[in-house]
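Source file: input.cif; contents: mmCIF, C-alpha atoms.
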data_start
#
loop_
_atom_site.label_atom_id
_atom_site.label_comp_id
_atom_site.auth_asym_id
_atom_site.auth_seq_id
_atom_site.Cartn_x
_atom_site.Cartn_y
_atom_site.Cartn_z
CA MET D 290 46.05 -15.47 -1.20
CA ARG D 291 45.39 -12.63 1.23
CA MET D 292 43.31 -10.59 -1.20
CA SER D 293 40.94 -13.38 -2.22
CA ARG D 294 38.93 -12.89 0.97
CA TYR D 295 37.72 -9.53 -0.32
CA ILE D 296 36.45 -11.19 -3.49
CA LEU D 297 34.58 -13.70 -1.30
CA ILE D 298 33.03 -10.85 0.74
CA GLY D 299 31.99 -9.22 -2.55
CA ILE D 300 30.43 -12.48 -3.77
CA LEU D 301 28.42 -12.70 -0.53
CA LEU D 302 27.33 -9.07 -1.00
CA GLY D 303 26.28 -9.91 -4.55
CA PHE D 304 24.15 -12.85 -3.41
CA ILE D 305 22.54 -10.84 -0.58
CA LEU D 306 21.45 -7.94 -2.79
CA TYR D 307 20.54 -10.05 -5.84
CA LYS D 308 18.53 -12.70 -4.01
CA SER D 309 16.75 -10.17 -1.78
CA GLU D 310 15.77 -8.26 -4.97
CA ALA D 311 17.42 -5.07 -3.68
CA VAL D 312 19.08 -4.77 -7.11
CA SER D 313 15.66 -4.35 -8.74
CA TRP D 314 14.52 -0.99 -10.08
CA PHE D 315 10.98 -2.01 -9.11
CA ARG D 316 11.97 -2.57 -5.47
CA ILE D 317 13.53 0.90 -5.28
CA TYR D 318 10.42 2.45 -6.84
CA GLU D 319 8.28 0.57 -4.31
CA MET D 320 10.47 1.78 -1.44
CA PHE D 321 10.23 5.44 -2.43
CA ARG D 322 6.46 5.07 -2.76
CA PHE D 323 6.33 3.47 0.74
CA GLN D 324 4.29 0.62 -0.74
CA SER D 325 6.05 -2.30 0.92
CA PHE D 326 8.04 -2.99 4.04
CA HIS D 327 10.62 -5.13 2.18
CA MET D 328 13.41 -2.59 1.51
CA PHE D 329 12.84 -0.86 4.86
CA GLY D 330 13.11 -4.28 6.48
CA ILE D 331 16.45 -4.95 4.75
CA ILE D 332 17.97 -1.56 5.57
CA GLY D 333 16.35 -1.38 9.02
CA SER D 334 17.44 -4.86 10.14
CA ALA D 335 20.94 -4.19 8.74
CA ILE D 336 21.13 -1.01 10.84
CA ILE D 337 19.76 -2.66 14.01
CA SER D 338 22.19 -5.60 13.64
CA GLY D 339 24.95 -3.11 12.83
CA ILE D 340 24.23 -1.00 15.95
CA ILE D 341 24.43 -4.14 18.12
CA ILE D 342 27.70 -5.18 16.45
CA VAL D 343 29.26 -1.72 16.84
CA GLN D 344 28.19 -1.50 20.50
CA ILE D 345 29.74 -4.92 21.21
CA ILE D 346 32.93 -3.84 19.41
CA LYS D 347 33.13 -0.67 21.53
CA ARG D 348 32.27 -2.20 24.91
CA ARG D 349 34.33 -5.34 24.59
CA LYS D 350 37.13 -3.47 22.80
CA ILE D 351 37.19 -6.07 20.03
CA LYS D 352 40.47 -6.09 18.11
CA ASN D 353 40.89 -6.43 14.39
CA GLN D 354 42.99 -9.18 12.89
CA GLU D 355 46.11 -7.06 13.25
CA GLY D 356 45.55 -6.87 16.99
CA GLN D 357 44.50 -3.20 17.08
CA GLU D 358 41.24 -2.06 18.60
CA ILE D 359 38.58 -1.42 15.96
CA VAL D 360 37.93 2.33 15.80
CA ILE D 361 35.21 3.77 13.58
CA LYS D 362 36.15 7.31 12.59
CA ASP D 363 33.56 10.00 13.31
CA LYS D 364 32.29 11.72 10.18
CA ALA D 365 33.06 15.46 9.89
CA LYS D 366 30.23 17.47 11.44
CA THR D 367 29.43 19.93 8.67
CA TYR D 368 25.95 19.52 7.40
CA PRO D 369 25.36 21.07 3.95
CA ARG D 370 27.39 18.39 2.17
CA TYR D 371 25.33 15.56 3.64
CA ILE D 372 21.96 17.11 2.84
CA ILE D 373 22.82 18.46 -0.64
CA GLY D 374 25.05 15.56 -1.64
CA GLY D 375 22.55 13.09 -0.22
CA PHE D 376 19.73 14.79 -2.13
CA ILE D 377 21.64 14.53 -5.44
CA PHE D 378 22.52 10.90 -4.71
CA GLY D 379 18.89 10.14 -3.86
CA CYS D 380 17.74 11.60 -7.20
CA GLY D 381 20.18 9.33 -9.05
CA TRP D 382 19.30 6.29 -6.94
CA ALA D 383 15.58 6.70 -7.66
CA ILE D 384 15.87 7.37 -11.38
CA ALA D 385 18.36 4.57 -12.15
CA GLY D 386 16.85 2.28 -9.50
CA ALA D 387 20.30 1.17 -8.43
CA CYS D 388 22.91 2.45 -6.00
CA PRO D 389 26.61 1.60 -6.49
CA ALA D 390 26.70 -1.98 -5.15
CA PRO D 391 23.69 -3.19 -7.21
CA MET D 392 25.28 -1.64 -10.30
CA PHE D 393 28.31 -3.94 -9.99
CA ILE D 394 26.04 -6.92 -9.27
CA LEU D 395 23.80 -6.24 -12.30
CA LEU D 396 26.86 -5.95 -14.53
CA GLY D 397 27.87 -9.44 -13.40
CA ALA D 398 24.32 -10.71 -13.93
CA GLY D 399 24.71 -9.82 -17.62
CA HIS D 400 22.97 -6.44 -17.75
CA THR D 401 25.92 -4.93 -19.55
CA VAL D 402 24.17 -1.61 -20.16
CA PHE D 403 25.18 -0.76 -16.59
CA ILE D 404 28.68 -0.12 -17.92
CA VAL D 405 27.17 3.19 -19.09
CA TYR D 406 26.01 3.83 -15.51
CA LEU D 407 29.53 3.01 -14.24
CA ILE D 408 31.20 5.42 -16.68
CA ALA D 409 28.59 8.10 -15.86
CA ALA D 410 29.18 7.58 -12.12
CA MET D 411 32.95 7.92 -12.60
CA THR D 412 32.30 11.09 -14.59
CA GLY D 413 30.07 12.41 -11.80
CA THR D 414 32.77 11.66 -9.23
CA PHE D 415 35.36 13.38 -11.43
CA VAL D 416 33.18 16.49 -11.87
CA TYR D 417 32.69 16.59 -8.09
CA GLY D 418 36.49 16.53 -7.71
CA LEU D 419 36.76 19.53 -10.04
CA LEU D 420 34.00 21.54 -8.33
CA ARG D 421 34.79 20.51 -4.77
CA LYS D 422 36.28 23.81 -3.66
CA ARG D 423 33.50 25.92 -5.14
CA ILE D 424 30.47 24.20 -3.64
CA PRO D 425 29.29 24.42 -0.01
CA HIS D 426 30.26 21.68 2.41
CA MET C 266 23.45 -39.39 -3.24
CA ILE C 267 25.63 -36.41 -2.60
CA GLU C 268 24.13 -34.54 -5.59
CA VAL C 269 20.77 -34.66 -3.85
CA TYR C 270 22.21 -32.64 -0.98
CA PHE C 271 23.86 -30.22 -3.38
CA MET C 272 20.60 -29.72 -5.25
CA ALA C 273 18.74 -29.23 -1.97
CA ILE C 274 21.25 -26.55 -0.91
CA ARG C 275 21.07 -24.94 -4.35
CA ASP C 276 17.26 -24.81 -4.23
CA PHE C 277 17.37 -23.41 -0.71
CA ILE C 278 19.68 -20.56 -1.75
CA ALA C 279 17.75 -19.96 -4.98
CA GLN C 280 14.58 -18.93 -3.15
CA PRO C 281 13.93 -15.20 -2.78
CA TRP C 282 15.73 -14.07 0.38
CA PRO C 283 13.48 -12.36 2.93
CA TRP C 284 14.49 -9.00 4.41
CA TYR C 285 15.32 -10.52 7.81
CA VAL C 286 18.00 -12.67 6.16
CA ALA C 287 19.42 -9.97 3.88
CA GLY C 288 19.64 -7.18 6.51
CA PRO C 289 21.63 -9.03 9.20
CA LEU C 290 23.91 -10.51 6.49
CA LEU C 291 24.69 -6.96 5.28
CA ALA C 292 25.68 -6.10 8.86
CA LEU C 293 27.89 -9.22 8.82
CA VAL C 294 29.62 -7.96 5.66
CA MET C 295 30.25 -4.66 7.46
CA PHE C 296 31.64 -6.47 10.52
CA VAL C 297 33.96 -8.74 8.53
CA LEU C 298 35.38 -5.69 6.72
CA LEU C 299 35.89 -3.88 10.06
CA TYR C 300 37.66 -6.97 11.36
CA PHE C 301 40.01 -6.81 8.36
CA GLY C 302 40.60 -3.11 9.12
CA HIS C 303 38.32 -1.47 6.53
CA GLU C 304 35.08 0.49 6.40
CA PHE C 305 32.28 -0.72 4.13
CA GLY C 306 31.69 1.84 1.35
CA ILE C 307 31.17 0.84 -2.27
CA SER C 308 31.00 4.28 -3.93
CA GLU C 309 34.62 5.05 -2.97
CA ASN C 310 35.47 2.71 -5.86
CA PHE C 311 34.42 5.38 -8.39
CA ARG C 312 37.08 7.67 -6.97
CA LEU C 313 39.67 4.88 -6.95
CA MET C 314 38.84 4.08 -10.58
CA CYS C 315 39.19 7.75 -11.55
CA ALA C 316 42.57 7.88 -9.80
CA ALA C 317 43.71 4.65 -11.43
CA ASP C 318 42.69 6.00 -14.85
CA GLY C 319 44.92 9.03 -14.56
CA ALA C 320 42.73 11.62 -12.81
CA ASP C 321 45.39 11.78 -10.09
CA ASN C 322 47.48 13.91 -12.42
CA MET C 323 44.59 16.27 -13.14
CA ASN C 324 43.10 17.11 -9.76
CA GLU C 325 44.33 16.80 -6.16
CA PHE C 326 41.06 15.15 -5.02
CA PHE C 327 42.26 12.10 -6.95
CA LYS C 328 45.85 12.21 -5.70
CA ILE C 329 45.34 9.10 -3.65
CA ASP C 330 47.23 5.86 -3.68
CA TRP C 331 44.51 3.81 -5.34
CA ARG C 332 46.40 0.65 -4.53
CA SER C 333 45.59 1.24 -0.85
CA GLY C 334 41.97 0.83 -1.92
CA GLU C 335 42.68 -2.42 -3.71
CA TRP C 336 40.66 -4.33 -1.10
CA ASN C 337 37.58 -2.22 -1.99
CA LEU C 338 38.02 -2.73 -5.74
CA LEU C 339 38.19 -6.46 -5.03
CA VAL C 340 34.92 -6.29 -3.06
CA ALA C 341 33.34 -4.62 -6.12
CA LEU C 342 34.85 -7.29 -8.40
CA GLY C 343 33.49 -9.94 -6.05
CA ALA C 344 30.05 -8.32 -6.30
CA VAL C 345 30.27 -8.71 -10.10
CA PHE C 346 31.09 -12.42 -9.65
CA GLY C 347 28.32 -12.74 -7.07
CA GLY C 348 25.82 -11.26 -9.51
CA TYR C 349 27.00 -13.68 -12.20
CA LEU C 350 26.77 -16.75 -9.94
CA ALA C 351 23.41 -15.80 -8.40
CA SER C 352 21.82 -15.08 -11.79
CA HIS C 353 23.24 -18.15 -13.59
CA TYR C 354 23.28 -20.93 -11.01
CA PHE C 355 20.76 -19.89 -8.36
CA ILE C 356 17.78 -18.76 -10.42
CA GLY C 357 14.45 -18.95 -8.60
CA SER C 358 11.89 -21.58 -9.63
CA ASN C 359 9.97 -19.05 -11.77
CA GLY C 360 12.98 -17.11 -12.99
CA ASP C 361 14.40 -14.01 -11.36
CA LEU C 362 11.39 -11.93 -10.44
CA ALA C 363 10.76 -8.87 -8.32
CA HIS C 364 8.00 -9.86 -5.89
CA ILE C 365 6.62 -6.35 -5.50
CA SER C 366 3.29 -5.61 -3.81
CA ASP C 367 -0.06 -5.42 -5.61
CA VAL C 368 -0.29 -1.72 -4.72
CA THR C 369 3.03 -1.13 -6.49
CA ILE C 370 1.89 -3.05 -9.58
CA ALA C 371 -1.29 -0.93 -9.70
CA SER C 372 0.65 2.32 -9.33
CA LEU C 373 3.14 1.26 -12.05
CA ASN C 374 0.28 0.49 -14.43
CA GLU C 375 -1.15 3.95 -13.73
CA ILE C 376 2.02 5.59 -15.08
CA ASN C 377 2.09 3.33 -18.15
CA ILE C 378 4.68 0.84 -16.92
CA ASN C 379 2.90 -2.38 -17.80
CA VAL C 380 3.67 -5.21 -15.45
CA THR C 381 1.56 -8.14 -14.30
CA LYS C 382 1.51 -9.88 -10.96
CA GLY C 383 3.87 -12.85 -10.77
CA ALA C 384 5.75 -11.78 -13.91
CA VAL C 385 7.63 -8.64 -12.87
CA PRO C 386 11.23 -9.06 -14.04
CA LEU C 387 14.07 -8.18 -11.68
CA VAL C 388 15.46 -5.72 -14.23
CA PRO C 389 12.94 -3.75 -16.33
CA GLU C 390 13.22 -3.65 -20.12
CA PHE C 391 13.70 0.12 -19.97
CA LEU C 392 17.15 -0.47 -18.50
CA SER C 393 18.72 -1.99 -21.60
CA TRP C 394 20.99 -1.08 -24.55
CA LYS C 395 17.92 -0.63 -26.73
CA ALA C 396 16.33 1.79 -24.25
CA LEU C 397 19.59 3.71 -24.00
CA LEU C 398 18.90 5.09 -27.48
CA THR C 399 15.83 6.93 -26.18
CA TRP C 400 16.16 10.13 -24.14
CA GLN C 401 14.32 8.50 -21.26
CA GLY C 402 16.71 5.53 -21.16
CA LEU C 403 19.74 7.80 -21.44
CA LEU C 404 18.41 9.97 -18.61
CA MET C 405 17.72 7.00 -16.35
CA ILE C 406 20.98 5.12 -16.93
CA GLY C 407 23.47 7.88 -17.81
CA GLY C 408 21.84 10.70 -15.84
CA GLY C 409 21.14 8.46 -12.85
CA GLY C 410 24.72 7.16 -12.82
CA PHE C 411 26.14 10.68 -13.02
CA LEU C 412 24.00 11.93 -10.11
CA VAL C 413 24.89 8.85 -8.04
CA GLY C 414 28.63 9.35 -8.66
CA PHE C 415 28.50 13.10 -8.00
CA GLY C 416 26.18 12.90 -5.00
CA ALA C 417 27.93 9.97 -3.31
CA ARG C 418 31.28 11.76 -3.26
CA TYR C 419 29.69 15.09 -2.28
CA ALA C 420 27.91 13.40 0.64
CA GLY C 421 30.99 11.30 1.42
CA GLY C 422 29.25 7.96 1.02
CA CYS C 423 26.37 5.99 -0.47
CA THR C 424 23.87 3.50 0.89
CA SER C 425 26.59 1.21 2.25
CA GLY C 426 28.76 3.96 3.74
CA HIS C 427 26.02 6.14 5.26
CA ALA C 428 22.78 4.17 5.62
CA ILE C 429 24.45 0.98 6.85
CA SER C 430 27.94 1.76 8.24
CA GLY C 431 27.23 5.32 9.34
CA LEU C 432 23.88 4.74 11.02
CA SER C 433 25.20 1.56 12.69
CA ALA C 434 27.87 3.73 14.31
CA LEU C 435 25.16 6.28 15.27
CA GLN C 436 26.72 9.02 13.14
CA VAL C 437 24.43 12.06 12.97
CA PRO C 438 25.96 13.24 9.65
CA SER C 439 24.92 9.90 8.11
CA LEU C 440 21.36 10.48 9.30
CA PHE C 441 21.38 13.82 7.45
CA ALA C 442 22.73 12.06 4.34
CA VAL C 443 19.99 9.41 4.50
CA ILE C 444 17.33 12.14 4.92
CA GLY C 445 18.88 13.73 1.80
CA PHE C 446 18.69 10.37 -0.07
CA PHE C 447 14.97 10.18 0.67
CA MET C 448 14.23 13.81 -0.20
CA GLY C 449 15.88 13.30 -3.59
CA GLY C 450 14.25 9.91 -4.14
CA LEU C 451 10.77 11.16 -3.27
CA LEU C 452 11.13 14.13 -5.60
CA VAL C 453 12.18 11.95 -8.54
CA ILE C 454 9.62 9.19 -7.95
CA ASN C 455 6.72 11.64 -7.69
CA PHE C 456 7.66 14.36 -10.15
CA VAL C 457 10.02 12.84 -12.74
CA ILE C 458 9.35 9.11 -13.20
CA PRO C 459 5.60 9.53 -14.04
CA TYR C 460 6.52 11.75 -17.03
CA LEU C 461 9.03 9.34 -18.57
CA PHE C 462 6.56 6.71 -19.74
#
What does this structure look like when you write it as structure tokens?
Amino acid sequence: MRMSRYILIGILLGFILYKSEAVSWFRIYEMFRFQSFHMFGIIGSAIISGIIIVQIIKRRKIKNQEGQEIVIKDKAKTYPRYIIGGFIFGCGWAIAGACPAPMFILLGAGHTVFIVYLIAAMTGTFVYGLLRKRIPH
Amino acid sequence: MIEVYFMAIRDFIAQPWPWYVAGPLLALVMFVLLYFGHEFGISENFRLMCAADGADNMNEFFKIDWRSGEWNLLVALGAVFGGYLASHYFIGSNGDLAHISDVTIASLNEININVTKGAVPLVPEFLSWKALLTWQGLLMIGGGGFLVGFGARYAGGCTSGHAISGLSALQVPSLFAVIGFFMGGLLVINFVIPYLF
């Protein structure tokens, strides 16, 4: 089935973040205290590998499986939303010790209390949708 | 005979994965999704779930065809399965621990989070149903989730969309978002967390 590949990608993502301990509240605390290189190593080596991959895609004009060139859309260049939104996200990330992907992984690992986090995150997204036109972007 | 190989592979995977394995594999996940025509971004699922639950009739931000994001919902579902498999069949030799530094253990003990070296659980006991009944637990799980959901959509992405996909594509807006992530994180770690315990 065509869609099963996305489940496999998700399973790989789950293994990566669970086994590297990136799903751990303690690892996030440690990162924001700059007390270990571990999380910076994960994110940093992901970015460096990602930059190399994206440069190869651009220079060699790599095509996706449908035969079209892979184009990564530029993000809109208005800055308040990134700083303010990022700041709010960072507060949530640090206090819950989990960003969205680890939340799904921890749910699967049996920490069912994260269903409350999921509902709260959906509520937060919904409230953003309601306020979107009244807050600076 | 063949079980020996299976067990060897299982034990190999069950070790803690170092950063230099995890990071490049995350970039691989991003590349495979690009190859299939999609951009890596997990927090978009919250919006898709809102739309699927009927928010599309209440607000135009959610008037999206959530079925076009089916691939992303399946990645999230896969992550749930991945978490189940990793935590049930690939447990490390001493259980699932967070191998945090000695400095971190000392600083946690200073703020009354009692952990001992070699026995720090992956998930702390203050993230549990029991803790949810205290205001601190509710703030951390419910409040944290709300801020993550609100902030991710406001900023147009989370760790996967901005820190990994965005910075890999050298997007300046993503750099601003990541600076925002750290400003928020530093504020909470230094001025909120110490007062919760």
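For the structure in this document, the set picked by the PyMOL selection byres ((chain C and resi 268-278) around 10) is Phe304 and Lys308 of chain D; Met266, Ile267, Ala279, Gln280, Pro281, Trp282, Ala351, Tyr354, Phe355, Ile356, Gly357 and Ser358 of chain C.
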Q: Please provide the set of residues having any atom within 6 Å of Ile300 of chain D, restricted to all atoms listed in the file, with same-chain residues fewer than 2 positions apart removed, written as a list in words.
A: Leu297, Ile298, Leu302 and Gly303 of chain D; Gly343, Ala344, Phe346 and Gly347 of chain C
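Here atom CA of Phe376 of chain D stands at a distance of 15.5 Å from atom CA of Ala410 of chain D.
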Q.
If we count all atoms listed in the file and set the cut-off at 12 Å, which residues sit around segment 391-396 of chain C, ignoring sequence neighbours fewer than 5 positions away in its own chain? Please answer as a ChimeraX atom specification.
A. /D:313-315,384-387,392,395-396,399-406 /C:378-379,386,401-407,409,461-462
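Taking atom CA of Gly379 of chain D and atom CA of Phe447 of chain C as endpoints, the distance between them is 6.0 Å.
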Q.
I want to know what sits within 12 Å of segment 305-307 of chain C, based on all atoms listed in the file, with residues of the same chain fewer than 2 positions away left out; could you give that as a ChimeraX atom specification?
A. /D:295,298-299,302,339,361,388-394 /C:291-303,309-314,334,336-344,413-414,417-418,421-431,433-434
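With all atoms listed in the file as the atoms that count, the minimum distance from Ala442 of chain C to the choices C:Trp284, C:Tyr419, C:Trp331, C:Tyr349 is reached by C:Tyr419.
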Q: I would like the residues chosen by the PyMOL selection byres ((chain D and resi 377) around 10) on the shown file; could you give them as a VMD selection string?
A: (chain D and resid 371 to 376 378 to 382) or (chain C and resid 409 411 to 417 419 to 420 445 to 446 448 to 450)
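Between Ile331 of chain D and the candidates D:Ile305, D:Gly413, D:Val343, D:Gly356, the tightest atom-to-atom separation, counting all atoms listed in the file, involves D:Ile305.
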Could I get segment 316-348 of chain D rebuilt with N, CA and C atoms, written as a PDB file, in the frame of the given file?
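Result file follows (out_27.pdb):
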ATOM      1  N   ARG D 316      11.910  -2.596  -6.936  1.00  0.00           N
ATOM      2  CA  ARG D 316      11.970  -2.570  -5.470  1.00  0.00           C
ATOM      3  C   ARG D 316      12.302  -1.168  -4.958  1.00  0.00           C
ATOM      4  N   ILE D 317      13.148  -0.452  -5.704  1.00  0.00           N
ATOM      5  CA  ILE D 317      13.530   0.900  -5.280  1.00  0.00           C
ATOM      6  C   ILE D 317      12.335   1.844  -5.468  1.00  0.00           C
ATOM      7  N   TYR D 318      11.639   1.674  -6.595  1.00  0.00           N
ATOM      8  CA  TYR D 318      10.420   2.450  -6.840  1.00  0.00           C
ATOM      9  C   TYR D 318       9.425   2.220  -5.710  1.00  0.00           C
ATOM     10  N   GLU D 319       9.215   0.945  -5.369  1.00  0.00           N
ATOM     11  CA  GLU D 319       8.280   0.570  -4.310  1.00  0.00           C
ATOM     12  C   GLU D 319       8.671   1.182  -2.965  1.00  0.00           C
ATOM     13  N   MET D 320       9.985   1.208  -2.707  1.00  0.00           N
ATOM     14  CA  MET D 320      10.470   1.780  -1.440  1.00  0.00           C
ATOM     15  C   MET D 320      10.148   3.271  -1.364  1.00  0.00           C
ATOM     16  N   PHE D 321      10.456   3.993  -2.460  1.00  0.00           N
ATOM     17  CA  PHE D 321      10.230   5.440  -2.430  1.00  0.00           C
ATOM     18  C   PHE D 321       8.738   5.793  -2.491  1.00  0.00           C
ATOM     19  N   ARG D 322       7.904   4.840  -2.850  1.00  0.00           N
ATOM     20  CA  ARG D 322       6.460   5.070  -2.760  1.00  0.00           C
ATOM     21  C   ARG D 322       5.890   4.574  -1.427  1.00  0.00           C
ATOM     22  N   PHE D 323       6.743   4.034  -0.563  1.00  0.00           N
ATOM     23  CA  PHE D 323       6.330   3.470   0.740  1.00  0.00           C
ATOM     24  C   PHE D 323       5.220   2.430   0.567  1.00  0.00           C
ATOM     25  N   GLN D 324       5.353   1.586  -0.463  1.00  0.00           N
ATOM     26  CA  GLN D 324       4.290   0.620  -0.740  1.00  0.00           C
ATOM     27  C   GLN D 324       4.575  -0.784  -0.232  1.00  0.00           C
ATOM     28  N   SER D 325       5.738  -0.982   0.361  1.00  0.00           N
ATOM     29  CA  SER D 325       6.050  -2.300   0.920  1.00  0.00           C
ATOM     30  C   SER D 325       7.090  -2.122   2.012  1.00  0.00           C
ATOM     31  N   PHE D 326       7.089  -3.057   2.934  1.00  0.00           N
ATOM     32  CA  PHE D 326       8.040  -2.990   4.040  1.00  0.00           C
ATOM     33  C   PHE D 326       9.406  -3.573   3.649  1.00  0.00           C
ATOM     34  N   HIS D 327       9.434  -4.331   2.533  1.00  0.00           N
ATOM     35  CA  HIS D 327      10.620  -5.130   2.180  1.00  0.00           C
ATOM     36  C   HIS D 327      11.960  -4.388   2.282  1.00  0.00           C
ATOM     37  N   MET D 328      12.124  -3.300   1.513  1.00  0.00           N
ATOM     38  CA  MET D 328      13.410  -2.590   1.510  1.00  0.00           C
ATOM     39  C   MET D 328      13.698  -1.947   2.874  1.00  0.00           C
ATOM     40  N   PHE D 329      12.637  -1.441   3.527  1.00  0.00           N
ATOM     41  CA  PHE D 329      12.840  -0.860   4.860  1.00  0.00           C
ATOM     42  C   PHE D 329      13.255  -1.948   5.842  1.00  0.00           C
ATOM     43  N   GLY D 330      12.717  -3.152   5.641  1.00  0.00           N
ATOM     44  CA  GLY D 330      13.110  -4.280   6.480  1.00  0.00           C
ATOM     45  C   GLY D 330      14.582  -4.618   6.287  1.00  0.00           C
ATOM     46  N   ILE D 331      15.035  -4.636   5.016  1.00  0.00           N
ATOM     47  CA  ILE D 331      16.450  -4.950   4.750  1.00  0.00           C
ATOM     48  C   ILE D 331      17.351  -3.904   5.393  1.00  0.00           C
ATOM     49  N   ILE D 332      17.087  -2.628   5.068  1.00  0.00           N
ATOM     50  CA  ILE D 332      17.970  -1.560   5.570  1.00  0.00           C
ATOM     51  C   ILE D 332      17.835  -1.454   7.093  1.00  0.00           C
ATOM     52  N   GLY D 333      16.584  -1.512   7.582  1.00  0.00           N
ATOM     53  CA  GLY D 333      16.350  -1.380   9.020  1.00  0.00           C
ATOM     54  C   GLY D 333      17.004  -2.504   9.817  1.00  0.00           C
ATOM     55  N   SER D 334      16.848  -3.763   9.365  1.00  0.00           N
ATOM     56  CA  SER D 334      17.440  -4.860  10.140  1.00  0.00           C
ATOM     57  C   SER D 334      18.960  -4.859  10.002  1.00  0.00           C
ATOM     58  N   ALA D 335      19.482  -4.346   8.871  1.00  0.00           N
ATOM     59  CA  ALA D 335      20.940  -4.190   8.740  1.00  0.00           C
ATOM     60  C   ALA D 335      21.431  -3.171   9.762  1.00  0.00           C
ATOM     61  N   ILE D 336      20.699  -2.059   9.901  1.00  0.00           N
ATOM     62  CA  ILE D 336      21.130  -1.010  10.840  1.00  0.00           C
ATOM     63  C   ILE D 336      21.039  -1.514  12.279  1.00  0.00           C
ATOM     64  N   ILE D 337      19.911  -2.171  12.626  1.00  0.00           N
ATOM     65  CA  ILE D 337      19.760  -2.660  14.010  1.00  0.00           C
ATOM     66  C   ILE D 337      20.857  -3.682  14.330  1.00  0.00           C
ATOM     67  N   SER D 338      21.099  -4.632  13.406  1.00  0.00           N
ATOM     68  CA  SER D 338      22.190  -5.600  13.640  1.00  0.00           C
ATOM     69  C   SER D 338      23.516  -4.873  13.725  1.00  0.00           C
ATOM     70  N   GLY D 339      23.698  -3.870  12.858  1.00  0.00           N
ATOM     71  CA  GLY D 339      24.950  -3.110  12.830  1.00  0.00           C
ATOM     72  C   GLY D 339      25.173  -2.356  14.132  1.00  0.00           C
ATOM     73  N   ILE D 340      24.103  -1.744  14.676  1.00  0.00           N
ATOM     74  CA  ILE D 340      24.230  -1.000  15.950  1.00  0.00           C
ATOM     75  C   ILE D 340      24.670  -1.971  17.045  1.00  0.00           C
ATOM     76  N   ILE D 341      24.053  -3.155  17.085  1.00  0.00           N
ATOM     77  CA  ILE D 341      24.430  -4.140  18.120  1.00  0.00           C
ATOM     78  C   ILE D 341      25.899  -4.532  17.948  1.00  0.00           C
ATOM     79  N   ILE D 342      26.308  -4.797  16.698  1.00  0.00           N
ATOM     80  CA  ILE D 342      27.700  -5.180  16.450  1.00  0.00           C
ATOM     81  C   ILE D 342      28.663  -4.076  16.888  1.00  0.00           C
ATOM     82  N   VAL D 343      28.357  -2.831  16.499  1.00  0.00           N
ATOM     83  CA  VAL D 343      29.260  -1.720  16.840  1.00  0.00           C
ATOM     84  C   VAL D 343      29.323  -1.514  18.346  1.00  0.00           C
ATOM     85  N   GLN D 344      28.183  -1.651  19.037  1.00  0.00           N
ATOM     86  CA  GLN D 344      28.190  -1.500  20.500  1.00  0.00           C
ATOM     87  C   GLN D 344      29.034  -2.601  21.162  1.00  0.00           C
ATOM     88  N   ILE D 345      28.921  -3.828  20.660  1.00  0.00           N
ATOM     89  CA  ILE D 345      29.740  -4.920  21.210  1.00  0.00           C
ATOM     90  C   ILE D 345      31.221  -4.636  20.970  1.00  0.00           C
ATOM     91  N   ILE D 346      31.539  -4.171  19.740  1.00  0.00           N
ATOM     92  CA  ILE D 346      32.930  -3.840  19.410  1.00  0.00           C
ATOM     93  C   ILE D 346      33.469  -2.801  20.390  1.00  0.00           C
ATOM     94  N   LYS D 347      32.668  -1.762  20.660  1.00  0.00           N
ATOM     95  CA  LYS D 347      33.130  -0.670  21.530  1.00  0.00           C
ATOM     96  C   LYS D 347      33.267  -1.129  22.969  1.00  0.00           C
ATOM     97  N   ARG D 348      32.252  -1.838  23.483  1.00  0.00           N
ATOM     98  CA  ARG D 348      32.270  -2.200  24.910  1.00  0.00           C
ATOM     99  C   ARG D 348      33.271  -3.289  25.223  1.00  0.00           C
TER     100      ARG D 348
END
